[in-house]
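Q: The structure is given below, and queries will be raised subsequently.
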Amino acid sequence: MGRTILIGDVHGCLEELQKLLDKVRYDSDDRLILVGDLVARGPNSAGVVALCRSLGATVIRGNHEEKLLQWRQGKNLCEDSCGFLGPMHLQVAQELTEEDWSFLQATQLFCDLPEHGLWVVHAGVLPGVPLAQQPPHVLLTMRSLGELGEPLVKAGSVPWGCRYFGPAHVIFGHHAQPRPQLHPFATGIDTGCVYGGSLTAMVLDPGQPVPPISKRDSVLYSVDALRRWFGGR
Ligand SMILES: [Mn+2]
């Protein structure tokens, strides 16, 4: 049984993903888990989906996968393409093969890894709510909590990880930051590769729990973006 390798938001940055897999010496024994948003904004979304598919990776659904899947579902319901998709997502949609679509359709909203004491989600969890009862829009889009503990999509007052105290440690993406978000019971690994930041992985040995904040760097690996692929920040 190999290691567990968790990777942040790739957003079509295929070369950086390949470099990161090389850096952590990815092996076919390892379990590969991506926190979602494989697609959109970057240079090669279809290539990233194809690579993840060929490696048998577990992909947690991100808001960008959800957007594509919602659009496709609407399109199948009426030929006039119900559901709005902007030109960028439309281009991604046109590049995906049937196998890619099936792979995206099979993505899950969360993953429970009891052997590491971990939950994996794309965006976040509401403190005190069991994983299976977390609302999908929270799992897909939350960045922070408001004053009354309500989920906020925008980076608001308090990142949700500041108010979350387990029991499981949560690995998440979605909230791009220059450095990984380190909380006692949560780690954010979206380091904004597509915005010219870096792509980050957490690598755990079999059964290894996530180390405390003071030692968490020992399980985190990053590669720099080759360039800024999208927008400014
Ligand atoms: Mn996202």
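Identifiers for the structure tokens are assigned positionally: chains receive A, B, ... in sequence, residues are indexed from 1 per chain, and ligands are indexed from 1 in the order shown.
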Taking 5 positions as the minimum chain separation for residues in the same chain, which residues sit within 8 Å of region 176-185 of chain A when counting only C-alpha atoms? Answer as a ChimeraX atom specification.

A: /A:161-162,164-170,190-192,197-198,200,212-213,216

Q: Write out as a PDB file with N, CA and C atoms, in the first residue's frame each polymer residue whose atoms come within 10 Å of Arg228 (chain A), counting only C-alpha atoms; drop sequence neighbours fewer than 2 positions from it.

A:
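Output (selection25.pdb):
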```pdb
ATOM      1  N   GLY A  42      -6.972  27.664 -17.075  1.00  0.00           N
ATOM      2  CA  GLY A  42      -5.604  27.322 -17.466  1.00  0.00           C
ATOM      3  C   GLY A  42      -5.514  26.829 -18.895  1.00  0.00           C
ATOM      4  N   GLY A 192      -3.035  28.708  -5.869  1.00  0.00           N
ATOM      5  CA  GLY A 192      -3.231  29.613  -6.999  1.00  0.00           C
ATOM      6  C   GLY A 192      -2.308  29.403  -8.179  1.00  0.00           C
ATOM      7  N   CYS A 193      -2.086  28.160  -8.571  1.00  0.00           N
ATOM      8  CA  CYS A 193      -1.186  27.889  -9.701  1.00  0.00           C
ATOM      9  C   CYS A 193      -1.603  28.671 -10.945  1.00  0.00           C
ATOM     10  N   VAL A 194      -2.892  28.621 -11.266  1.00  0.00           N
ATOM     11  CA  VAL A 194      -3.343  29.234 -12.519  1.00  0.00           C
ATOM     12  C   VAL A 194      -3.197  30.760 -12.491  1.00  0.00           C
ATOM     13  N   TYR A 195      -3.102  31.330 -11.295  1.00  0.00           N
ATOM     14  CA  TYR A 195      -2.900  32.779 -11.152  1.00  0.00           C
ATOM     15  C   TYR A 195      -1.418  33.143 -11.037  1.00  0.00           C
ATOM     16  N   GLY A 196      -0.553  32.169 -11.342  1.00  0.00           N
ATOM     17  CA  GLY A 196       0.882  32.433 -11.276  1.00  0.00           C
ATOM     18  C   GLY A 196       1.497  32.107  -9.929  1.00  0.00           C
ATOM     19  N   GLY A 197       0.766  31.420  -9.085  1.00  0.00           N
ATOM     20  CA  GLY A 197       1.286  31.012  -7.772  1.00  0.00           C
ATOM     21  C   GLY A 197       2.014  29.681  -7.868  1.00  0.00           C
ATOM     22  N   SER A 198       1.511  28.692  -7.177  1.00  0.00           N
ATOM     23  CA  SER A 198       2.148  27.381  -7.229  1.00  0.00           C
ATOM     24  C   SER A 198       1.085  26.291  -7.110  1.00  0.00           C
ATOM     25  N   ALA A 225       4.190  27.908 -10.600  1.00  0.00           N
ATOM     26  CA  ALA A 225       3.532  28.012 -11.901  1.00  0.00           C
ATOM     27  C   ALA A 225       4.555  28.420 -12.957  1.00  0.00           C
ATOM     28  N   LEU A 226       4.384  27.925 -14.175  1.00  0.00           N
ATOM     29  CA  LEU A 226       5.289  28.306 -15.259  1.00  0.00           C
ATOM     30  C   LEU A 226       5.097  29.767 -15.633  1.00  0.00           C
ATOM     31  N   PHE A 230      -3.950  33.103 -15.788  1.00  0.00           N
ATOM     32  CA  PHE A 230      -5.272  33.725 -15.740  1.00  0.00           C
ATOM     33  C   PHE A 230      -5.280  34.887 -14.757  1.00  0.00           C
ATOM     34  N   GLY A 231      -5.833  36.013 -15.232  1.00  0.00           N
ATOM     35  CA  GLY A 231      -6.184  37.137 -14.378  1.00  0.00           C
ATOM     36  C   GLY A 231      -5.080  37.680 -13.488  1.00  0.00           C
ATOM     37  N   GLY A 232      -5.493  38.465 -12.574  1.00  0.00           N
ATOM     38  CA  GLY A 232      -4.613  39.002 -11.551  1.00  0.00           C
ATOM     39  C   GLY A 232      -5.262  38.753 -10.230  1.00  0.00           C
TER      40      GLY A 232
END
```

Q: For Leu51 (chain A), work out the shell of residues within 12 Å, counting only C-alpha atoms and skipping chain neighbours fewer than 3 positions away, then give it as a compact mmCIF listing (two decimals) with C-alpha atoms, in the first residue's frame.

A:
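Printed below is selection_8.txt as written:
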```txt
# COMPACT_ATOMS: atom_id res chain seq x y z
CA VAL A 10 -5.01 22.39 -11.05
CA GLY A 12 -5.79 23.09 -16.55
CA CYS A 13 -2.13 23.53 -15.54
CA LEU A 14 -1.03 20.19 -16.98
CA GLU A 15 2.73 20.81 -17.04
CA LEU A 17 0.78 18.86 -12.44
CA GLN A 18 3.29 16.62 -14.21
CA LEU A 21 3.96 14.34 -9.63
CA LEU A 32 -3.88 10.10 -5.84
CA LEU A 34 -7.38 15.86 -6.31
CA LEU A 38 -9.18 20.37 -12.56
CA ASN A 44 -5.02 22.43 -20.92
CA SER A 45 -8.12 21.39 -19.01
CA ALA A 46 -8.83 18.34 -21.17
CA GLY A 47 -5.23 17.18 -20.76
CA VAL A 48 -5.52 17.38 -16.99
CA SER A 54 -5.42 7.52 -16.90
CA LEU A 55 -3.85 7.49 -13.42
CA GLY A 56 -7.08 6.30 -11.80
CA ALA A 57 -7.12 9.35 -9.53
CA THR A 58 -9.95 10.10 -7.14
CA VAL A 59 -11.29 13.54 -7.98
CA GLU A 99 -14.79 9.21 -21.29
CA ASP A 100 -13.82 12.56 -19.72
CA PHE A 103 -15.12 10.58 -15.32
```

Q: For the contact check between chain A and ligand 1, emit one row per residue of chain A within 12 Å, containing the shortest atom pair and the distance in Å rounded to one decimal, counting only C-alpha atoms and all ligand atoms, chain then rising number order, as a Markdown table.

A:
```
| residue | atom | partner | partner_atom_place_in_ligand_line | distance |
| --- | --- | --- | --- | --- |
| A:Gly8 | CA | ligand 1 | 1 (Mn) | 10.0 |
| A:Asp9 | CA | ligand 1 | 1 (Mn) | 7.3 |
| A:Val10 | CA | ligand 1 | 1 (Mn) | 10.0 |
| A:His11 | CA | ligand 1 | 1 (Mn) | 9.0 |
| A:Leu34 | CA | ligand 1 | 1 (Mn) | 11.9 |
| A:Val35 | CA | ligand 1 | 1 (Mn) | 9.0 |
| A:Gly36 | CA | ligand 1 | 1 (Mn) | 7.0 |
| A:Asp37 | CA | ligand 1 | 1 (Mn) | 5.5 |
| A:Leu38 | CA | ligand 1 | 1 (Mn) | 9.2 |
| A:Val39 | CA | ligand 1 | 1 (Mn) | 9.7 |
| A:Ala40 | CA | ligand 1 | 1 (Mn) | 10.0 |
| A:Arg41 | CA | ligand 1 | 1 (Mn) | 11.2 |
| A:Ile60 | CA | ligand 1 | 1 (Mn) | 10.8 |
| A:Arg61 | CA | ligand 1 | 1 (Mn) | 9.1 |
| A:Gly62 | CA | ligand 1 | 1 (Mn) | 5.3 |
| A:Asn63 | CA | ligand 1 | 1 (Mn) | 5.0 |
| A:His64 | CA | ligand 1 | 1 (Mn) | 6.3 |
| A:Glu65 | CA | ligand 1 | 1 (Mn) | 8.9 |
| A:Glu66 | CA | ligand 1 | 1 (Mn) | 9.7 |
| A:Lys67 | CA | ligand 1 | 1 (Mn) | 10.5 |
| A:Val121 | CA | ligand 1 | 1 (Mn) | 10.4 |
| A:His122 | CA | ligand 1 | 1 (Mn) | 6.7 |
| A:Ala123 | CA | ligand 1 | 1 (Mn) | 6.6 |
| A:Gly124 | CA | ligand 1 | 1 (Mn) | 10.3 |
| A:His137 | CA | ligand 1 | 1 (Mn) | 11.2 |
| A:Val138 | CA | ligand 1 | 1 (Mn) | 11.2 |
| A:Leu139 | CA | ligand 1 | 1 (Mn) | 9.9 |
| A:Leu140 | CA | ligand 1 | 1 (Mn) | 6.8 |
| A:Thr141 | CA | ligand 1 | 1 (Mn) | 6.4 |
| A:Met142 | CA | ligand 1 | 1 (Mn) | 9.1 |
| A:Arg143 | CA | ligand 1 | 1 (Mn) | 9.5 |
| A:Val153 | CA | ligand 1 | 1 (Mn) | 10.1 |
| A:Lys154 | CA | ligand 1 | 1 (Mn) | 11.3 |
| A:Phe172 | CA | ligand 1 | 1 (Mn) | 9.7 |
| A:Gly173 | CA | ligand 1 | 1 (Mn) | 6.8 |
| A:His174 | CA | ligand 1 | 1 (Mn) | 3.8 |
| A:His175 | CA | ligand 1 | 1 (Mn) | 7.0 |
| A:Ala176 | CA | ligand 1 | 1 (Mn) | 8.6 |
| A:Gly188 | CA | ligand 1 | 1 (Mn) | 11.7 |
| A:Ile189 | CA | ligand 1 | 1 (Mn) | 11.6 |
| A:Asp190 | CA | ligand 1 | 1 (Mn) | 8.9 |
| A:Thr191 | CA | ligand 1 | 1 (Mn) | 11.8 |
| A:Gly192 | CA | ligand 1 | 1 (Mn) | 10.5 |
| A:Val194 | CA | ligand 1 | 1 (Mn) | 11.8 |
```

Q: If you count only C-alpha atoms, which residues fall within 10 Å of Tyr26 (chain A), apart from same-chain ones fewer than 6 positions away, as a compact mmCIF listing (two decimals) with N, CA and C atoms, in the first residue's frame?

A:
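Contents of out-v6.txt, as written:
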```txt
# COMPACT_ATOMS: atom_id res chain seq x y z
N GLY A 2 0.61 2.13 -0.96
CA GLY A 2 1.45 3.31 -1.10
C GLY A 2 0.99 4.48 -0.27
N ARG A 3 1.50 5.63 -0.63
CA ARG A 3 1.18 6.85 0.10
C ARG A 3 -0.15 7.43 -0.39
N THR A 4 -0.62 8.43 0.34
CA THR A 4 -1.77 9.20 -0.12
C THR A 4 -1.27 10.56 -0.55
N ILE A 5 -1.54 10.92 -1.80
CA ILE A 5 -1.08 12.20 -2.35
C ILE A 5 -2.30 13.05 -2.69
N GLN A 18 2.29 17.66 -13.92
CA GLN A 18 3.29 16.62 -14.21
C GLN A 18 4.57 16.86 -13.40
N LEU A 20 4.78 18.38 -10.51
CA LEU A 20 4.52 18.09 -9.10
C LEU A 20 4.53 16.57 -8.85
N LEU A 32 -3.90 8.71 -5.40
CA LEU A 32 -3.88 10.10 -5.84
C LEU A 32 -5.28 10.69 -5.71
N VAL A 203 1.52 14.99 1.04
CA VAL A 203 1.90 13.58 0.88
C VAL A 203 1.97 12.91 2.24
```

Q: From a backbone DSSP assignment, name each residue in region 2-233 of chain A labelled strand (DSSP E), as a PyMOL selection string.

A: chain A and resi 4-7+31-34+58-59+110-113+118-121+144-145+151-152+158-159+169-172+181-183+186-188+198-204+220-224

Q: Quick one: write out the picked residues with N, CA and C atoms as a compact mmCIF listing (two decimals), in the first residue's frame?

A:
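selection-v6.txt was written with the following content:
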```
# COMPACT_ATOMS: atom_id res chain seq x y z
N THR A 4 -0.62 8.43 0.34
CA THR A 4 -1.77 9.20 -0.12
C THR A 4 -1.27 10.56 -0.55
N ILE A 5 -1.54 10.92 -1.80
CA ILE A 5 -1.08 12.20 -2.35
C ILE A 5 -2.30 13.05 -2.69
N LEU A 6 -2.43 14.18 -2.01
CA LEU A 6 -3.57 15.08 -2.21
C LEU A 6 -3.08 16.32 -2.94
N ILE A 7 -3.78 16.71 -4.00
CA ILE A 7 -3.29 17.81 -4.84
C ILE A 7 -4.34 18.92 -4.96
N ARG A 31 -2.02 6.43 -3.70
CA ARG A 31 -3.40 6.84 -3.94
C ARG A 31 -3.39 8.34 -4.23
N LEU A 32 -3.90 8.71 -5.40
CA LEU A 32 -3.88 10.10 -5.84
C LEU A 32 -5.28 10.69 -5.71
N ILE A 33 -5.36 11.80 -4.98
CA ILE A 33 -6.66 12.46 -4.76
C ILE A 33 -6.53 13.94 -5.10
N LEU A 34 -7.40 14.43 -5.96
CA LEU A 34 -7.38 15.86 -6.31
C LEU A 34 -8.59 16.55 -5.70
N THR A 58 -8.67 9.73 -7.73
CA THR A 58 -9.95 10.10 -7.14
C THR A 58 -10.05 11.62 -7.24
N VAL A 59 -11.12 12.10 -7.85
CA VAL A 59 -11.29 13.54 -7.98
C VAL A 59 -12.53 13.99 -7.21
N PHE A 110 -17.31 14.63 -1.61
CA PHE A 110 -16.38 14.53 -0.48
C PHE A 110 -15.80 13.13 -0.44
N CYS A 111 -14.75 12.99 0.35
CA CYS A 111 -14.10 11.71 0.52
C CYS A 111 -13.68 11.60 1.97
N ASP A 112 -13.94 10.48 2.58
CA ASP A 112 -13.61 10.23 3.98
C ASP A 112 -12.45 9.24 4.01
N LEU A 113 -11.35 9.63 4.64
CA LEU A 113 -10.18 8.74 4.73
C LEU A 113 -9.87 8.48 6.20
N LEU A 118 -8.95 11.93 8.01
CA LEU A 118 -9.11 13.03 7.04
C LEU A 118 -10.46 13.04 6.35
N TRP A 119 -10.95 14.22 6.08
CA TRP A 119 -12.00 14.42 5.08
C TRP A 119 -11.39 15.27 3.96
N VAL A 120 -11.81 15.01 2.74
CA VAL A 120 -11.36 15.83 1.61
C VAL A 120 -12.59 16.42 0.94
N VAL A 121 -12.59 17.73 0.76
CA VAL A 121 -13.69 18.43 0.09
C VAL A 121 -13.09 19.49 -0.83
N SER A 144 -15.66 31.33 3.63
CA SER A 144 -15.59 31.84 4.99
C SER A 144 -16.93 31.75 5.68
N LEU A 145 -16.91 32.11 6.97
CA LEU A 145 -18.13 32.11 7.76
C LEU A 145 -18.45 33.54 8.17
N PRO A 151 -22.46 30.32 5.90
CA PRO A 151 -21.41 30.14 4.89
C PRO A 151 -21.36 31.31 3.91
N LEU A 152 -20.18 31.77 3.60
CA LEU A 152 -19.98 32.86 2.64
C LEU A 152 -19.11 32.35 1.49
N VAL A 158 -14.05 35.58 8.35
CA VAL A 158 -13.17 34.56 8.91
C VAL A 158 -13.13 33.33 8.01
N PRO A 159 -11.93 32.93 7.54
CA PRO A 159 -11.87 31.67 6.79
C PRO A 159 -12.48 30.56 7.65
N HIS A 169 -9.57 15.96 10.27
CA HIS A 169 -8.82 17.03 9.62
C HIS A 169 -9.36 17.16 8.19
N VAL A 170 -9.59 18.38 7.74
CA VAL A 170 -10.17 18.58 6.41
C VAL A 170 -9.11 19.15 5.46
N ILE A 171 -8.94 18.48 4.33
CA ILE A 171 -8.09 19.00 3.25
C ILE A 171 -9.02 19.60 2.21
N PHE A 172 -8.70 20.84 1.80
CA PHE A 172 -9.59 21.53 0.87
C PHE A 172 -8.79 22.40 -0.10
N GLN A 181 -3.13 27.24 3.48
CA GLN A 181 -3.84 27.68 4.70
C GLN A 181 -3.67 26.62 5.77
N LEU A 182 -3.01 26.99 6.84
CA LEU A 182 -2.74 26.02 7.90
C LEU A 182 -3.59 26.33 9.12
N HIS A 183 -4.52 25.43 9.42
CA HIS A 183 -5.35 25.53 10.62
C HIS A 183 -5.13 24.27 11.45
N ALA A 186 -7.57 21.82 9.69
CA ALA A 186 -7.84 21.96 8.26
C ALA A 186 -6.59 22.49 7.55
N THR A 187 -6.41 22.05 6.31
CA THR A 187 -5.31 22.54 5.49
C THR A 187 -5.84 22.87 4.10
N GLY A 188 -5.66 24.12 3.68
CA GLY A 188 -6.05 24.54 2.33
C GLY A 188 -4.84 24.44 1.41
N SER A 198 1.51 28.69 -7.18
CA SER A 198 2.15 27.38 -7.23
C SER A 198 1.09 26.29 -7.11
N LEU A 199 1.50 25.06 -7.43
CA LEU A 199 0.61 23.90 -7.27
C LEU A 199 1.15 23.08 -6.10
N THR A 200 0.26 22.74 -5.17
CA THR A 200 0.70 22.13 -3.91
C THR A 200 0.11 20.74 -3.71
N ALA A 201 0.94 19.87 -3.13
CA ALA A 201 0.50 18.53 -2.75
C ALA A 201 0.78 18.29 -1.28
N MET A 202 -0.11 17.51 -0.64
CA MET A 202 0.19 16.96 0.68
C MET A 202 0.44 15.47 0.49
N VAL A 203 1.52 14.99 1.04
CA VAL A 203 1.90 13.58 0.88
C VAL A 203 1.97 12.91 2.24
N LEU A 204 1.13 11.89 2.43
CA LEU A 204 1.07 11.19 3.72
C LEU A 204 1.45 9.72 3.54
N LEU A 220 4.18 18.91 2.89
CA LEU A 220 3.68 19.75 1.79
C LEU A 220 4.78 19.98 0.75
N TYR A 221 4.40 19.87 -0.52
CA TYR A 221 5.34 20.05 -1.63
C TYR A 221 4.69 20.95 -2.66
N SER A 222 5.46 21.85 -3.24
CA SER A 222 4.90 22.74 -4.25
C SER A 222 5.84 22.88 -5.44
N VAL A 223 5.24 23.14 -6.59
CA VAL A 223 6.03 23.59 -7.74
C VAL A 223 5.46 24.94 -8.19
N ASP A 224 6.34 25.83 -8.62
CA ASP A 224 5.90 27.14 -9.08
C ASP A 224 5.16 27.03 -10.40
```

Q: How many Å lie between CA of Pro87 (chain A) and CA of Trp71 (chain A), rounded to one decimal?

A: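 The value is 12.6 Å.
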
Q: Here is a test: counting only C-alpha atoms, which residue of A:Gly156, A:Thr107, A:Leu69, A:Trp229 is nearest to His89 (chain A)?

A: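 For His89 (chain A), the nearest of the candidates is A:Leu69.
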
Q: CA of Gln208 (chain A) and CA of Cys52 (chain A) are how many Å apart?

A: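 Interatomic distance, CA of Gln208 (chain A) to CA of Cys52 (chain A): 23.8 Å.
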
Q: Expressed in Å to a single decimal, how great is the separation between CA of Leu131 (chain A) and CA of Val210 (chain A)?

A: 18.3 Å

Q: Going by DSSP on the backbone, which residues of region 4-205 of chain A come out as helix (DSSP H, G or I)? List them as number ranges by chain.

A: A: 14-23, 45-54, 63-77, 87-95, 98-105, 114-116, 131-133, 136-141, 160-163, 193-195

Q: I need the residues from that last selection saved to file as a PDB file, in the first residue's frame (with C-alpha atoms), if you can.

A:
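For reference, selection.pdb as written:
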```pdb
ATOM      1  CA  LEU A  14      -1.031  20.192 -16.984  1.00  0.00           C
ATOM      2  CA  GLU A  15       2.734  20.812 -17.040  1.00  0.00           C
ATOM      3  CA  GLU A  16       2.781  21.945 -13.430  1.00  0.00           C
ATOM      4  CA  LEU A  17       0.778  18.856 -12.438  1.00  0.00           C
ATOM      5  CA  GLN A  18       3.292  16.625 -14.211  1.00  0.00           C
ATOM      6  CA  LYS A  19       6.164  18.449 -12.496  1.00  0.00           C
ATOM      7  CA  LEU A  20       4.519  18.089  -9.102  1.00  0.00           C
ATOM      8  CA  LEU A  21       3.959  14.344  -9.630  1.00  0.00           C
ATOM      9  CA  ASP A  22       7.651  14.045 -10.548  1.00  0.00           C
ATOM     10  CA  LYS A  23       8.675  16.076  -7.512  1.00  0.00           C
ATOM     11  CA  SER A  45      -8.116  21.390 -19.005  1.00  0.00           C
ATOM     12  CA  ALA A  46      -8.831  18.344 -21.172  1.00  0.00           C
ATOM     13  CA  GLY A  47      -5.235  17.184 -20.765  1.00  0.00           C
ATOM     14  CA  VAL A  48      -5.520  17.380 -16.988  1.00  0.00           C
ATOM     15  CA  VAL A  49      -8.773  15.409 -16.980  1.00  0.00           C
ATOM     16  CA  ALA A  50      -7.254  12.787 -19.297  1.00  0.00           C
ATOM     17  CA  LEU A  51      -4.150  12.444 -17.110  1.00  0.00           C
ATOM     18  CA  CYS A  52      -6.172  12.075 -13.912  1.00  0.00           C
ATOM     19  CA  ARG A  53      -8.383   9.543 -15.640  1.00  0.00           C
ATOM     20  CA  SER A  54      -5.424   7.515 -16.901  1.00  0.00           C
ATOM     21  CA  ASN A  63     -17.459  24.246  -8.581  1.00  0.00           C
ATOM     22  CA  HIS A  64     -16.039  24.323 -12.124  1.00  0.00           C
ATOM     23  CA  GLU A  65     -16.759  20.625 -12.698  1.00  0.00           C
ATOM     24  CA  GLU A  66     -20.221  21.203 -11.245  1.00  0.00           C
ATOM     25  CA  LYS A  67     -20.790  24.097 -13.657  1.00  0.00           C
ATOM     26  CA  LEU A  68     -19.868  21.959 -16.667  1.00  0.00           C
ATOM     27  CA  LEU A  69     -21.983  19.028 -15.486  1.00  0.00           C
ATOM     28  CA  GLN A  70     -25.006  21.247 -14.820  1.00  0.00           C
ATOM     29  CA  TRP A  71     -24.692  22.710 -18.293  1.00  0.00           C
ATOM     30  CA  ARG A  72     -24.459  19.276 -19.894  1.00  0.00           C
ATOM     31  CA  GLN A  73     -27.441  18.024 -17.974  1.00  0.00           C
ATOM     32  CA  GLY A  74     -29.467  21.004 -19.188  1.00  0.00           C
ATOM     33  CA  LYS A  75     -28.220  20.495 -22.723  1.00  0.00           C
ATOM     34  CA  ASN A  76     -29.374  16.893 -22.653  1.00  0.00           C
ATOM     35  CA  LEU A  77     -32.789  18.021 -21.490  1.00  0.00           C
ATOM     36  CA  PRO A  87     -16.937  31.047 -23.780  1.00  0.00           C
ATOM     37  CA  MET A  88     -14.125  29.742 -21.584  1.00  0.00           C
ATOM     38  CA  HIS A  89     -16.156  26.904 -20.102  1.00  0.00           C
ATOM     39  CA  LEU A  90     -17.777  26.233 -23.468  1.00  0.00           C
ATOM     40  CA  GLN A  91     -14.340  25.669 -24.968  1.00  0.00           C
ATOM     41  CA  VAL A  92     -13.467  23.222 -22.187  1.00  0.00           C
ATOM     42  CA  ALA A  93     -16.794  21.452 -22.721  1.00  0.00           C
ATOM     43  CA  GLN A  94     -16.021  21.036 -26.417  1.00  0.00           C
ATOM     44  CA  GLU A  95     -12.584  19.558 -25.712  1.00  0.00           C
ATOM     45  CA  GLU A  98     -17.198  11.013 -23.625  1.00  0.00           C
ATOM     46  CA  GLU A  99     -14.787   9.214 -21.289  1.00  0.00           C
ATOM     47  CA  ASP A 100     -13.818  12.561 -19.725  1.00  0.00           C
ATOM     48  CA  TRP A 101     -17.480  13.420 -19.129  1.00  0.00           C
ATOM     49  CA  SER A 102     -18.134  10.045 -17.528  1.00  0.00           C
ATOM     50  CA  PHE A 103     -15.119  10.575 -15.323  1.00  0.00           C
ATOM     51  CA  LEU A 104     -16.326  14.023 -14.233  1.00  0.00           C
ATOM     52  CA  GLN A 105     -19.831  12.696 -13.686  1.00  0.00           C
ATOM     53  CA  PRO A 114     -10.454   7.353   8.262  1.00  0.00           C
ATOM     54  CA  GLU A 115      -6.973   5.803   8.090  1.00  0.00           C
ATOM     55  CA  HIS A 116      -5.554   9.346   8.035  1.00  0.00           C
ATOM     56  CA  LEU A 131     -19.841  15.053   6.402  1.00  0.00           C
ATOM     57  CA  ALA A 132     -22.794  13.340   4.719  1.00  0.00           C
ATOM     58  CA  GLN A 133     -25.111  16.162   5.862  1.00  0.00           C
ATOM     59  CA  PRO A 136     -23.507  20.613  -1.525  1.00  0.00           C
ATOM     60  CA  HIS A 137     -23.148  24.382  -2.080  1.00  0.00           C
ATOM     61  CA  VAL A 138     -21.028  24.593   1.082  1.00  0.00           C
ATOM     62  CA  LEU A 139     -18.780  21.741  -0.036  1.00  0.00           C
ATOM     63  CA  LEU A 140     -18.434  23.336  -3.483  1.00  0.00           C
ATOM     64  CA  THR A 141     -18.126  27.071  -2.801  1.00  0.00           C
ATOM     65  CA  TRP A 160     -14.042  28.703   7.836  1.00  0.00           C
ATOM     66  CA  GLY A 161     -10.951  26.727   8.869  1.00  0.00           C
ATOM     67  CA  CYS A 162     -10.377  29.169  11.747  1.00  0.00           C
ATOM     68  CA  ARG A 163     -13.636  28.061  13.344  1.00  0.00           C
ATOM     69  CA  CYS A 193      -1.186  27.889  -9.701  1.00  0.00           C
ATOM     70  CA  VAL A 194      -3.343  29.234 -12.519  1.00  0.00           C
ATOM     71  CA  TYR A 195      -2.900  32.779 -11.152  1.00  0.00           C
TER      72      TYR A 195
END
```
